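Structure first, commentary second.
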Amino acid sequence: MRRKLAAGNWKMNGTSAALSELDALAAKHPSPSVDVLICPPATLLHRAAERTQGTGVAVGGQDCHAAPSGAHTGDTSAEMLKDAGATAVILGHSERREDHGEQNEDVRAKANAVMEAGLQAIICVGESLEQREAANTLDIIGGQMSGSIPDRSTGENLIVAYEPIWAIGTGKVPTLDEIGEVHDFIRARLERRFGEGVGRSVRLLYGGSVKPSNAAEIFGVSNVDGALVGGASLKAADFSGIIDALESV
Ligand code: 13P
């Protein structure tokens with residue numbers, strides 16, 4: 001059985017005042033029946049980890065460097081994120097692929113570093129609108145998976161997030177059939193590459209304009225094990241509705 005996961009990606013949002021949202025979230029969900037993860041900006045990670053210690057809320061990073069340490073000004077290693085209290089790291093988000101030119105091989109190297117540190121890698125894949133309209137979605141996702149996912153992946157250290165780029169922050173969501181088609185495809189590819197046991201144990205998240213109002217129907221789609229949520233994870237009241245929906249699947 002795959003444990004459900006509600007993951008929040010705060011992106012470049014939040015200063016000290018935002019930490020109170022974590023208190024509210026933990027208070028509303030004292031013992032959640034699903035995994036709950038918040039990935040705040042790196043500046044808040046350590047305090048977020050201290051603040052959520054002993055609650056059902058875990059914290060994670062949004063990116064890391066592939067090396068454990070060294071002369072890389074401005075970067076943060078997986079070891080450092082772990083030391084700050086992270087249990088997981090989002091990698092290969094489309095905003096990093098776009099803003100920082102991250103390629104599949106960069107994501108794979110970072111994922112190896114995250115797994116080496118004993119953390120979970122949440123590897124993001126997803127097509128652009130042009131790619132979907134050209135009926136290239138599955139080819140794109142397949143290529144991103146082959147290039148970005150390390151050979152050492154297991155159900156414990158890998159989570160795959162399907163985030164169609166055109167659905168991120170736009171209020172547009174694929175149809176349930178479209179989500180199901182991609183998630184079934186990702187599952188089948190994982191089973192082919194890693195064998196049925198590992199392939200079936202990796203959790204698959206959907207991300208892109210998930211809100212309390214559409215979460216339940218998305219969570220009903222086959223091979224959707226939870227969500228990676230941007231905007232609606234910033235406020236405890238919104239994210240709480242998504243956790244509720246996941247708990248009642
Ligand atoms: P939104 O939920 O704001 O569309 O963002 C999704 C996302 O990019 C999560 O990583």
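Letters A, B, ... go to the chains of the structure tokens in the order shown; residues in each chain start at 1; ligands are counted from 1 in the same order.
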
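The set of residues in range 140-190 of chain A assigned to alpha helix (DSSP H) by DSSP, using only backbone atoms of this structure, is A:Ile140, A:Ile141, A:Gly142, A:Gly143, A:Gln144, A:Met145, A:Ser146, A:Gly147, A:Ser148, A:Leu176, A:Asp177, A:Glu178, A:Ile179, A:Gly180, A:Glu181, A:Val182, A:His183, A:Asp184, A:Phe185, A:Ile186, A:Arg187, A:Ala188, A:Arg189, A:Leu190.
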
Could you give me, as JSON lines, every chain A residue with an atom at most 8 Å from ligand 1, plus its closest atom pair and distance in Å to one decimal, counting only C-alpha atoms and all ligand atoms, rows ordered by chain then number?
{"residue": "A:Gly8", "atom": "CA", "partner": "ligand 1", "partner_atom_place_in_ligand_line": "9 (C)", "distance": 7.0}
{"residue": "A:Asn9", "atom": "CA", "partner": "ligand 1", "partner_atom_place_in_ligand_line": "10 (O)", "distance": 5.2}
{"residue": "A:Trp10", "atom": "CA", "partner": "ligand 1", "partner_atom_place_in_ligand_line": "9 (C)", "distance": 8.0}
{"residue": "A:Lys11", "atom": "CA", "partner": "ligand 1", "partner_atom_place_in_ligand_line": "10 (O)", "distance": 7.6}
{"residue": "A:His93", "atom": "CA", "partner": "ligand 1", "partner_atom_place_in_ligand_line": "10 (O)", "distance": 6.6}
{"residue": "A:Ser94", "atom": "CA", "partner": "ligand 1", "partner_atom_place_in_ligand_line": "8 (O)", "distance": 7.6}
{"residue": "A:Glu95", "atom": "CA", "partner": "ligand 1", "partner_atom_place_in_ligand_line": "8 (O)", "distance": 7.7}
{"residue": "A:Cys124", "atom": "CA", "partner": "ligand 1", "partner_atom_place_in_ligand_line": "10 (O)", "distance": 8.0}
{"residue": "A:Glu163", "atom": "CA", "partner": "ligand 1", "partner_atom_place_in_ligand_line": "8 (O)", "distance": 6.7}
{"residue": "A:Ile165", "atom": "CA", "partner": "ligand 1", "partner_atom_place_in_ligand_line": "8 (O)", "distance": 7.9}
{"residue": "A:Ala167", "atom": "CA", "partner": "ligand 1", "partner_atom_place_in_ligand_line": "4 (O)", "distance": 6.1}
{"residue": "A:Ile168", "atom": "CA", "partner": "ligand 1", "partner_atom_place_in_ligand_line": "4 (O)", "distance": 3.5}
{"residue": "A:Gly169", "atom": "CA", "partner": "ligand 1", "partner_atom_place_in_ligand_line": "4 (O)", "distance": 3.5}
{"residue": "A:Thr170", "atom": "CA", "partner": "ligand 1", "partner_atom_place_in_ligand_line": "4 (O)", "distance": 6.2}
{"residue": "A:Gly171", "atom": "CA", "partner": "ligand 1", "partner_atom_place_in_ligand_line": "4 (O)", "distance": 6.8}
{"residue": "A:Gly207", "atom": "CA", "partner": "ligand 1", "partner_atom_place_in_ligand_line": "6 (C)", "distance": 5.0}
{"residue": "A:Gly208", "atom": "CA", "partner": "ligand 1", "partner_atom_place_in_ligand_line": "4 (O)", "distance": 3.8}
{"residue": "A:Ser209", "atom": "CA", "partner": "ligand 1", "partner_atom_place_in_ligand_line": "4 (O)", "distance": 3.5}
{"residue": "A:Val210", "atom": "CA", "partner": "ligand 1", "partner_atom_place_in_ligand_line": "2 (O)", "distance": 5.2}
{"residue": "A:Lys211", "atom": "CA", "partner": "ligand 1", "partner_atom_place_in_ligand_line": "2 (O)", "distance": 7.3}
{"residue": "A:Leu228", "atom": "CA", "partner": "ligand 1", "partner_atom_place_in_ligand_line": "9 (C)", "distance": 5.0}
{"residue": "A:Val229", "atom": "CA", "partner": "ligand 1", "partner_atom_place_in_ligand_line": "2 (O)", "distance": 4.1}
{"residue": "A:Gly230", "atom": "CA", "partner": "ligand 1", "partner_atom_place_in_ligand_line": "2 (O)", "distance": 3.4}
{"residue": "A:Gly231", "atom": "CA", "partner": "ligand 1", "partner_atom_place_in_ligand_line": "3 (O)", "distance": 3.8}
{"residue": "A:Ala232", "atom": "CA", "partner": "ligand 1", "partner_atom_place_in_ligand_line": "2 (O)", "distance": 5.9}
{"residue": "A:Ser233", "atom": "CA", "partner": "ligand 1", "partner_atom_place_in_ligand_line": "2 (O)", "distance": 7.5}

Counting only C-alpha atoms, what is within 7 Å of Gln144 in chain A, bar same-chain residues fewer than 3 positions away, as an NGL selection string? :A and (104 or 125 or 140-141 or 147-148)

Let me make sure I understand: among A:Ala42, A:Gly85, A:Arg47, A:Gln53, which one has the smallest atom-to-atom distance to Ala17 in chain A if we use only C-alpha atoms? A:Arg47

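For Val59 in chain A, the non-local neighbours within 8 Å, defined as residues at least 3 positions apart in the same chain or in other chains and counting only C-alpha atoms, are Leu37, Ile38, Cys39, Pro40, Leu45, Ala48, Ala49, Thr52, Gly85, Ala86, Thr87 and Ala88 of chain A.
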
At a cut-off of 7 Å, using only C-alpha atoms, what residues contact range 180-186 of chain A? Leave out same-chain residues fewer than 5 positions from it and give the result as an NGL selection string. :A and (138 or 221-224)

Selection from above, all heavy atoms, as a PDB file, in the first residue's frame, can you write it?
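Generated file (again.pdb):
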ATOM      1  N   LEU A 138       3.251  12.123 -23.714  1.00  0.00           N
ATOM      2  CA  LEU A 138       3.829  10.903 -23.131  1.00  0.00           C
ATOM      3  C   LEU A 138       5.299  10.742 -23.507  1.00  0.00           C
ATOM      4  O   LEU A 138       6.102  10.273 -22.690  1.00  0.00           O
ATOM      5  CB  LEU A 138       3.003   9.673 -23.524  1.00  0.00           C
ATOM      6  CG  LEU A 138       1.540   9.693 -23.037  1.00  0.00           C
ATOM      7  CD1 LEU A 138       0.823   8.395 -23.405  1.00  0.00           C
ATOM      8  CD2 LEU A 138       1.435   9.950 -21.530  1.00  0.00           C
ATOM      9  N   VAL A 221      -8.584   9.659  -9.098  1.00  0.00           N
ATOM     10  CA  VAL A 221      -8.027   9.138 -10.350  1.00  0.00           C
ATOM     11  C   VAL A 221      -7.006   8.036 -10.049  1.00  0.00           C
ATOM     12  O   VAL A 221      -6.257   8.116  -9.069  1.00  0.00           O
ATOM     13  CB  VAL A 221      -7.354  10.289 -11.140  1.00  0.00           C
ATOM     14  CG1 VAL A 221      -6.661   9.770 -12.386  1.00  0.00           C
ATOM     15  CG2 VAL A 221      -8.386  11.358 -11.503  1.00  0.00           C
ATOM     16  N   SER A 222      -6.967   7.038 -10.921  1.00  0.00           N
ATOM     17  CA  SER A 222      -6.068   5.901 -10.685  1.00  0.00           C
ATOM     18  C   SER A 222      -4.609   6.352 -10.673  1.00  0.00           C
ATOM     19  O   SER A 222      -4.207   7.219 -11.458  1.00  0.00           O
ATOM     20  CB  SER A 222      -6.275   4.816 -11.753  1.00  0.00           C
ATOM     21  OG  SER A 222      -5.486   5.050 -12.884  1.00  0.00           O
ATOM     22  N   ASN A 223      -3.850   5.784  -9.774  1.00  0.00           N
ATOM     23  CA  ASN A 223      -2.413   6.072  -9.644  1.00  0.00           C
ATOM     24  C   ASN A 223      -2.087   7.501  -9.212  1.00  0.00           C
ATOM     25  O   ASN A 223      -0.961   7.959  -9.383  1.00  0.00           O
ATOM     26  CB  ASN A 223      -1.650   5.717 -10.931  1.00  0.00           C
ATOM     27  CG  ASN A 223      -1.408   4.226 -11.024  1.00  0.00           C
ATOM     28  OD1 ASN A 223      -0.942   3.619 -10.057  1.00  0.00           O
ATOM     29  ND2 ASN A 223      -1.731   3.622 -12.157  1.00  0.00           N
ATOM     30  N   VAL A 224      -3.073   8.211  -8.683  1.00  0.00           N
ATOM     31  CA  VAL A 224      -2.789   9.505  -8.046  1.00  0.00           C
ATOM     32  C   VAL A 224      -2.715   9.247  -6.540  1.00  0.00           C
ATOM     33  O   VAL A 224      -3.699   8.881  -5.916  1.00  0.00           O
ATOM     34  CB  VAL A 224      -3.875  10.556  -8.365  1.00  0.00           C
ATOM     35  CG1 VAL A 224      -3.649  11.825  -7.547  1.00  0.00           C
ATOM     36  CG2 VAL A 224      -3.880  10.881  -9.863  1.00  0.00           C
TER      37      VAL A 224
END

From the options A:Val173, A:Ala215, A:Ile122, A:Ala111, which residue's atoms come nearest to Asp244 in chain A, counting only C-alpha atoms? A:Ala215

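By chain and then residue number, the residues within 9 Å of Arg3 in chain A are Ser33, Val34, Asp35, Arg203, Asp225 and Gly226 of chain A, counting only C-alpha atoms and disregarding those fewer than 3 positions away in sequence.
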
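As for CA of Leu176 in chain A and CA of Ile218 in chain A, they are spaced 6.5 Å apart.
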